[in-house]
Each structure stands twice: as C-alpha cells, then as structure tokens.
Amino acid sequence: QTVDPDSAAEKAGLKVGDLITAVDKAPVDANHALADLIMAHKPGDKVTLTVLRNARTLNLDATLGTRKLETGQEVAALGITYVAYSPTGPTD
C-alpha cells in the first residue's frame, strides 16, 4: 500500500503495487508471513526480495532498516505498509 520515503524498500526500488513473493528465496505464503521473514533478520542485514511487478519477476537487494516495537525492542524493517495477499483476494 505504501513505501516510506528513504526506507530500505524505497532504496531497493520497491514500488506501490509490487507483490513480494519471497525473501532470500524463502516464499511468502500461508506458512511464512512477510513480517516474520523480515523480522528473522537484524537491522542492517542485506536481503534479496523476489517481487512480481507487471507480470515480471524481479530480484531487489535491500539493506533492512529499523523499526521500534511498543516494547522498545528494535527489529528489522522494510519501511512499507501492505495487505497480505491470498489467491482469493487480500486479507488483513
């Protein structure tokens, strides 16, 4: 839905409307949420995002940023807001 200005996602070339299908070849699916795949890394880690854009598959390299949780813990972040996709339509 959004790509934050000056975020890891924007620097990697991610655009609104892109569908992230994998992080470091780990699929984003019903068993692997995008947020979980990103938070399995540390801020500053480099990851490769596999993205579907206009029926083309792209690999975008991103250096993860930081997001602070309500607990004060800092975790890896892309700097996007998104709706989880399912073949039957978006889910929240």
# chains A, B, ... in the order shown; residues from 1 in each chain; ligands from 1
$ closest_atom_pairs --of "segment 55-87 of chain A" --to "segment 9-33 of chain A" --cutoff "7 Å" --atoms "only C-alpha atoms" --output "Markdown table"
| residue | atom | partner | partner_atom | distance |
| --- | --- | --- | --- | --- |
| A:Leu60 | CA | A:Ala12 | CA | 5.8 |
| A:Asp61 | CA | A:Ala12 | CA | 5.7 |
| A:Ala62 | CA | A:Ala12 | CA | 5.0 |
| A:Leu78 | CA | A:Ala9 | CA | 5.1 |
| A:Gly79 | CA | A:Ala9 | CA | 5.9 |
| A:Ile80 | CA | A:Ala9 | CA | 6.9 |
$ select_by_dssp --residues "chain A" --states "alpha helix (DSSP H)" --output "list in words"
Ala8, Ala9, Glu10, Lys11, Ala12, Leu34, Ala35, Asp36, Leu37, Ile38 and Met39 of chain A
$ write_last_selection --atoms "all heavy atoms" --output "JSON list (two decimals), in the first residue's frame"
[["chain", "number", "residue", "atom", "x", "y", "z"],
["A", 8, "ALA", "N", 14.31, 1.32, 3.49],
["A", 8, "ALA", "CA", 15.02, 0.21, 2.85],
["A", 8, "ALA", "C", 14.30, -0.20, 1.56],
["A", 8, "ALA", "O", 14.94, -0.47, 0.54],
["A", 8, "ALA", "CB", 15.11, -0.97, 3.81],
["A", 9, "ALA", "N", 12.98, -0.23, 1.61],
["A", 9, "ALA", "CA", 12.19, -0.63, 0.44],
["A", 9, "ALA", "C", 12.37, 0.36, -0.71],
["A", 9, "ALA", "O", 12.59, -0.04, -1.85],
["A", 9, "ALA", "CB", 10.71, -0.74, 0.81],
["A", 10, "GLU", "N", 12.29, 1.65, -0.43],
["A", 10, "GLU", "CA", 12.45, 2.66, -1.48],
["A", 10, "GLU", "C", 13.85, 2.60, -2.07],
["A", 10, "GLU", "O", 14.03, 2.64, -3.29],
["A", 10, "GLU", "CB", 12.17, 4.06, -0.95],
["A", 10, "GLU", "CG", 12.27, 5.11, -2.06],
["A", 10, "GLU", "CD", 12.08, 6.52, -1.57],
["A", 10, "GLU", "OE1", 12.93, 7.00, -0.78],
["A", 10, "GLU", "OE2", 11.09, 7.14, -1.99],
["A", 11, "LYS", "N", 14.86, 2.48, -1.21],
["A", 11, "LYS", "CA", 16.24, 2.41, -1.70],
["A", 11, "LYS", "C", 16.47, 1.18, -2.56],
["A", 11, "LYS", "O", 17.30, 1.19, -3.47],
["A", 11, "LYS", "CB", 17.21, 2.43, -0.52],
["A", 11, "LYS", "CG", 17.24, 3.76, 0.20],
["A", 11, "LYS", "CD", 18.09, 3.70, 1.44],
["A", 11, "LYS", "CE", 18.03, 5.01, 2.21],
["A", 11, "LYS", "NZ", 18.74, 4.93, 3.49],
["A", 12, "ALA", "N", 15.74, 0.09, -2.29],
["A", 12, "ALA", "CA", 15.87, -1.13, -3.08],
["A", 12, "ALA", "C", 15.12, -1.05, -4.40],
["A", 12, "ALA", "O", 15.31, -1.88, -5.29],
["A", 12, "ALA", "CB", 15.37, -2.33, -2.27],
["A", 34, "LEU", "N", 5.28, -12.25, 5.49],
["A", 34, "LEU", "CA", 6.35, -11.32, 5.13],
["A", 34, "LEU", "C", 6.99, -10.72, 6.38],
["A", 34, "LEU", "O", 8.22, -10.67, 6.49],
["A", 34, "LEU", "CB", 5.80, -10.21, 4.22],
["A", 34, "LEU", "CG", 6.79, -9.12, 3.85],
["A", 34, "LEU", "CD1", 8.00, -9.69, 3.12],
["A", 34, "LEU", "CD2", 6.10, -8.05, 3.02],
["A", 35, "ALA", "N", 6.19, -10.27, 7.32],
["A", 35, "ALA", "CA", 6.73, -9.65, 8.54],
["A", 35, "ALA", "C", 7.65, -10.63, 9.28],
["A", 35, "ALA", "O", 8.71, -10.23, 9.78],
["A", 35, "ALA", "CB", 5.61, -9.18, 9.45],
["A", 36, "ASP", "N", 7.26, -11.89, 9.37],
["A", 36, "ASP", "CA", 8.09, -12.88, 10.07],
["A", 36, "ASP", "C", 9.42, -13.11, 9.35],
["A", 36, "ASP", "O", 10.47, -13.23, 9.98],
["A", 36, "ASP", "CB", 7.34, -14.22, 10.20],
["A", 36, "ASP", "CG", 6.13, -14.12, 11.11],
["A", 36, "ASP", "OD1", 6.07, -13.18, 11.94],
["A", 36, "ASP", "OD2", 5.24, -14.98, 10.99],
["A", 37, "LEU", "N", 9.36, -13.17, 8.01],
["A", 37, "LEU", "CA", 10.59, -13.37, 7.24],
["A", 37, "LEU", "C", 11.55, -12.19, 7.41],
["A", 37, "LEU", "O", 12.77, -12.38, 7.51],
["A", 37, "LEU", "CB", 10.27, -13.59, 5.77],
["A", 37, "LEU", "CG", 9.53, -14.90, 5.44],
["A", 37, "LEU", "CD1", 9.09, -14.91, 3.98],
["A", 37, "LEU", "CD2", 10.40, -16.10, 5.75],
["A", 38, "ILE", "N", 11.01, -10.98, 7.46],
["A", 38, "ILE", "CA", 11.86, -9.80, 7.64],
["A", 38, "ILE", "C", 12.39, -9.75, 9.07],
["A", 38, "ILE", "O", 13.58, -9.52, 9.29],
["A", 38, "ILE", "CB", 11.08, -8.50, 7.30],
["A", 38, "ILE", "CG1", 10.72, -8.46, 5.81],
["A", 38, "ILE", "CG2", 11.88, -7.26, 7.70],
["A", 38, "ILE", "CD1", 11.90, -8.49, 4.85],
["A", 39, "MET", "N", 11.52, -9.98, 10.05],
["A", 39, "MET", "CA", 11.95, -9.88, 11.45],
["A", 39, "MET", "C", 12.87, -11.02, 11.88],
["A", 39, "MET", "O", 13.48, -10.96, 12.94],
["A", 39, "MET", "CB", 10.75, -9.75, 12.38],
["A", 39, "MET", "CG", 10.08, -8.40, 12.21],
["A", 39, "MET", "SD", 8.79, -7.90, 13.37],
["A", 39, "MET", "CE", 8.38, -9.29, 14.30]]
$ residues_around --residues "Tyr82 of chain A" --least-positions-apart "2" --cutoff "9 Å" --atoms "only C-alpha atoms" --output "compact mmCIF listing (two decimals) with N, CA, C and O atoms, in the first residue's frame"
# COMPACT_ATOMS: atom_id res chain seq x y z
N GLN A 1 0.82 -1.19 0.00
CA GLN A 1 0.00 0.00 0.00
C GLN A 1 0.86 1.25 0.00
O GLN A 1 0.53 2.19 -0.70
N THR A 2 1.92 1.28 0.80
CA THR A 2 2.81 2.44 0.80
C THR A 2 4.26 1.99 0.90
O THR A 2 4.56 0.93 1.45
N VAL A 3 5.14 2.82 0.37
CA VAL A 3 6.58 2.65 0.51
C VAL A 3 7.07 3.94 1.16
O VAL A 3 6.93 5.03 0.59
N ILE A 80 7.48 -0.38 4.79
CA ILE A 80 6.29 -0.44 3.94
C ILE A 80 5.08 -0.73 4.80
O ILE A 80 5.20 -1.22 5.92
N ALA A 84 -1.76 -8.36 3.17
CA ALA A 84 -1.37 -9.72 2.82
C ALA A 84 -2.24 -10.20 1.68
O ALA A 84 -3.45 -10.00 1.67
N TYR A 85 -1.62 -10.84 0.70
CA TYR A 85 -2.32 -11.30 -0.48
C TYR A 85 -2.64 -12.79 -0.34
O TYR A 85 -1.84 -13.56 0.17
$ select_by_dssp --residues "chain A" --states "strand (DSSP E)" --output "PyMOL selection string"
chain A and resi 2-3+19-23+26-27+46-53+56-63+65-68+74-77+80-81
$ write_last_selection --atoms "N, CA, C and O atoms" --output "tab-separated table (two decimals), in the first residue's frame"
chain	number	residue	atom	x	y	z
A	2	THR	N	1.92	1.28	0.80
A	2	THR	CA	2.81	2.44	0.80
A	2	THR	C	4.26	1.99	0.90
A	2	THR	O	4.56	0.93	1.45
A	3	VAL	N	5.14	2.82	0.37
A	3	VAL	CA	6.58	2.65	0.51
A	3	VAL	C	7.07	3.94	1.16
A	3	VAL	O	6.93	5.03	0.59
A	19	LEU	N	4.28	-7.09	-5.67
A	19	LEU	CA	3.91	-8.24	-4.84
A	19	LEU	C	5.19	-8.96	-4.45
A	19	LEU	O	5.89	-9.51	-5.30
A	20	ILE	N	5.53	-8.91	-3.16
A	20	ILE	CA	6.73	-9.60	-2.66
A	20	ILE	C	6.38	-11.07	-2.51
A	20	ILE	O	5.48	-11.42	-1.74
A	21	THR	N	7.09	-11.91	-3.25
A	21	THR	CA	6.79	-13.35	-3.25
A	21	THR	C	7.80	-14.16	-2.45
A	21	THR	O	7.52	-15.30	-2.09
A	22	ALA	N	8.98	-13.58	-2.16
A	22	ALA	CA	9.99	-14.31	-1.40
A	22	ALA	C	11.00	-13.33	-0.80
A	22	ALA	O	11.21	-12.24	-1.30
A	23	VAL	N	11.61	-13.77	0.31
A	23	VAL	CA	12.71	-13.04	0.96
A	23	VAL	C	13.85	-14.04	1.05
A	23	VAL	O	13.72	-15.08	1.70
A	26	ALA	N	13.05	-17.63	0.47
A	26	ALA	CA	12.01	-18.21	1.33
A	26	ALA	C	10.67	-17.64	0.88
A	26	ALA	O	10.51	-16.41	0.85
A	27	PRO	N	9.72	-18.48	0.49
A	27	PRO	CA	8.46	-17.97	-0.05
A	27	PRO	C	7.61	-17.24	0.99
A	27	PRO	O	7.58	-17.63	2.16
A	46	LYS	N	21.39	-7.57	4.77
A	46	LYS	CA	21.04	-7.46	3.35
A	46	LYS	C	20.21	-8.67	2.97
A	46	LYS	O	20.55	-9.79	3.33
A	47	VAL	N	19.09	-8.41	2.28
A	47	VAL	CA	18.20	-9.49	1.82
A	47	VAL	C	17.88	-9.25	0.35
A	47	VAL	O	17.98	-8.13	-0.15
A	48	THR	N	17.49	-10.33	-0.32
A	48	THR	CA	17.01	-10.22	-1.69
A	48	THR	C	15.52	-10.47	-1.69
A	48	THR	O	15.05	-11.50	-1.20
A	49	LEU	N	14.77	-9.50	-2.19
A	49	LEU	CA	13.33	-9.61	-2.31
A	49	LEU	C	12.99	-10.07	-3.72
A	49	LEU	O	13.46	-9.47	-4.69
A	50	THR	N	12.19	-11.12	-3.83
A	50	THR	CA	11.67	-11.52	-5.13
A	50	THR	C	10.31	-10.87	-5.26
A	50	THR	O	9.46	-11.01	-4.37
A	51	VAL	N	10.13	-10.12	-6.34
A	51	VAL	CA	8.96	-9.26	-6.49
A	51	VAL	C	8.30	-9.52	-7.84
A	51	VAL	O	8.99	-9.67	-8.85
A	52	LEU	N	6.99	-9.55	-7.83
A	52	LEU	CA	6.23	-9.62	-9.07
A	52	LEU	C	5.71	-8.22	-9.38
A	52	LEU	O	4.99	-7.63	-8.56
A	53	ARG	N	6.13	-7.69	-10.54
A	53	ARG	CA	5.71	-6.34	-10.96
A	53	ARG	C	5.30	-6.40	-12.43
A	53	ARG	O	6.12	-6.74	-13.28
A	56	ARG	N	6.22	-9.38	-14.38
A	56	ARG	CA	7.67	-9.67	-14.45
A	56	ARG	C	8.17	-9.97	-13.05
A	56	ARG	O	7.77	-9.32	-12.08
A	57	THR	N	9.07	-10.94	-12.95
A	57	THR	CA	9.71	-11.25	-11.67
A	57	THR	C	11.03	-10.51	-11.59
A	57	THR	O	11.85	-10.59	-12.51
A	58	LEU	N	11.21	-9.77	-10.49
A	58	LEU	CA	12.43	-9.01	-10.25
A	58	LEU	C	13.06	-9.46	-8.94
A	58	LEU	O	12.35	-9.87	-8.02
A	59	ASN	N	14.38	-9.34	-8.84
A	59	ASN	CA	15.08	-9.54	-7.58
A	59	ASN	C	15.66	-8.20	-7.17
A	59	ASN	O	16.45	-7.60	-7.92
A	60	LEU	N	15.24	-7.71	-6.01
A	60	LEU	CA	15.69	-6.43	-5.49
A	60	LEU	C	16.49	-6.64	-4.22
A	60	LEU	O	16.02	-7.33	-3.31
A	61	ASP	N	17.68	-6.07	-4.15
A	61	ASP	CA	18.51	-6.18	-2.95
A	61	ASP	C	18.20	-5.03	-2.01
A	61	ASP	O	18.18	-3.86	-2.42
A	62	ALA	N	17.94	-5.37	-0.74
A	62	ALA	CA	17.59	-4.36	0.26
A	62	ALA	C	18.46	-4.52	1.49
A	62	ALA	O	18.76	-5.65	1.91
A	63	THR	N	18.86	-3.41	2.08
A	63	THR	CA	19.52	-3.40	3.38
A	63	THR	C	18.46	-2.97	4.38
A	63	THR	O	17.94	-1.85	4.28
A	65	GLY	N	16.17	-1.73	7.37
A	65	GLY	CA	16.18	-0.64	8.33
A	65	GLY	C	15.73	-1.12	9.69
A	65	GLY	O	15.68	-2.33	9.96
A	66	THR	N	15.36	-0.18	10.54
A	66	THR	CA	14.98	-0.47	11.92
A	66	THR	C	13.59	0.05	12.22
A	66	THR	O	13.20	1.14	11.76
A	67	ARG	N	12.84	-0.73	12.98
A	67	ARG	CA	11.53	-0.31	13.48
A	67	ARG	C	11.51	-0.63	14.96
A	67	ARG	O	11.95	-1.69	15.38
A	68	LYS	N	10.99	0.30	15.75
A	68	LYS	CA	10.92	0.10	17.20
A	68	LYS	C	9.53	-0.40	17.57
A	68	LYS	O	8.53	0.19	17.21
A	74	GLU	N	14.14	-3.06	19.03
A	74	GLU	CA	14.32	-2.67	17.64
A	74	GLU	C	14.43	-3.92	16.79
A	74	GLU	O	15.17	-4.84	17.13
A	75	VAL	N	13.67	-3.94	15.70
A	75	VAL	CA	13.65	-5.10	14.80
A	75	VAL	C	13.89	-4.61	13.37
A	75	VAL	O	13.76	-3.43	13.07
A	76	ALA	N	14.23	-5.56	12.49
A	76	ALA	CA	14.44	-5.24	11.09
A	76	ALA	C	13.13	-4.83	10.44
A	76	ALA	O	12.06	-5.33	10.78
A	77	ALA	N	13.23	-3.91	9.47
A	77	ALA	CA	12.03	-3.41	8.79
A	77	ALA	C	12.37	-3.01	7.36
A	77	ALA	O	13.50	-2.64	7.06
A	80	ILE	N	7.48	-0.38	4.79
A	80	ILE	CA	6.29	-0.44	3.94
A	80	ILE	C	5.08	-0.73	4.80
A	80	ILE	O	5.20	-1.22	5.92
A	81	THR	N	3.92	-0.41	4.27
A	81	THR	CA	2.66	-0.95	4.81
A	81	THR	C	2.06	-1.75	3.68
A	81	THR	O	2.21	-1.39	2.50
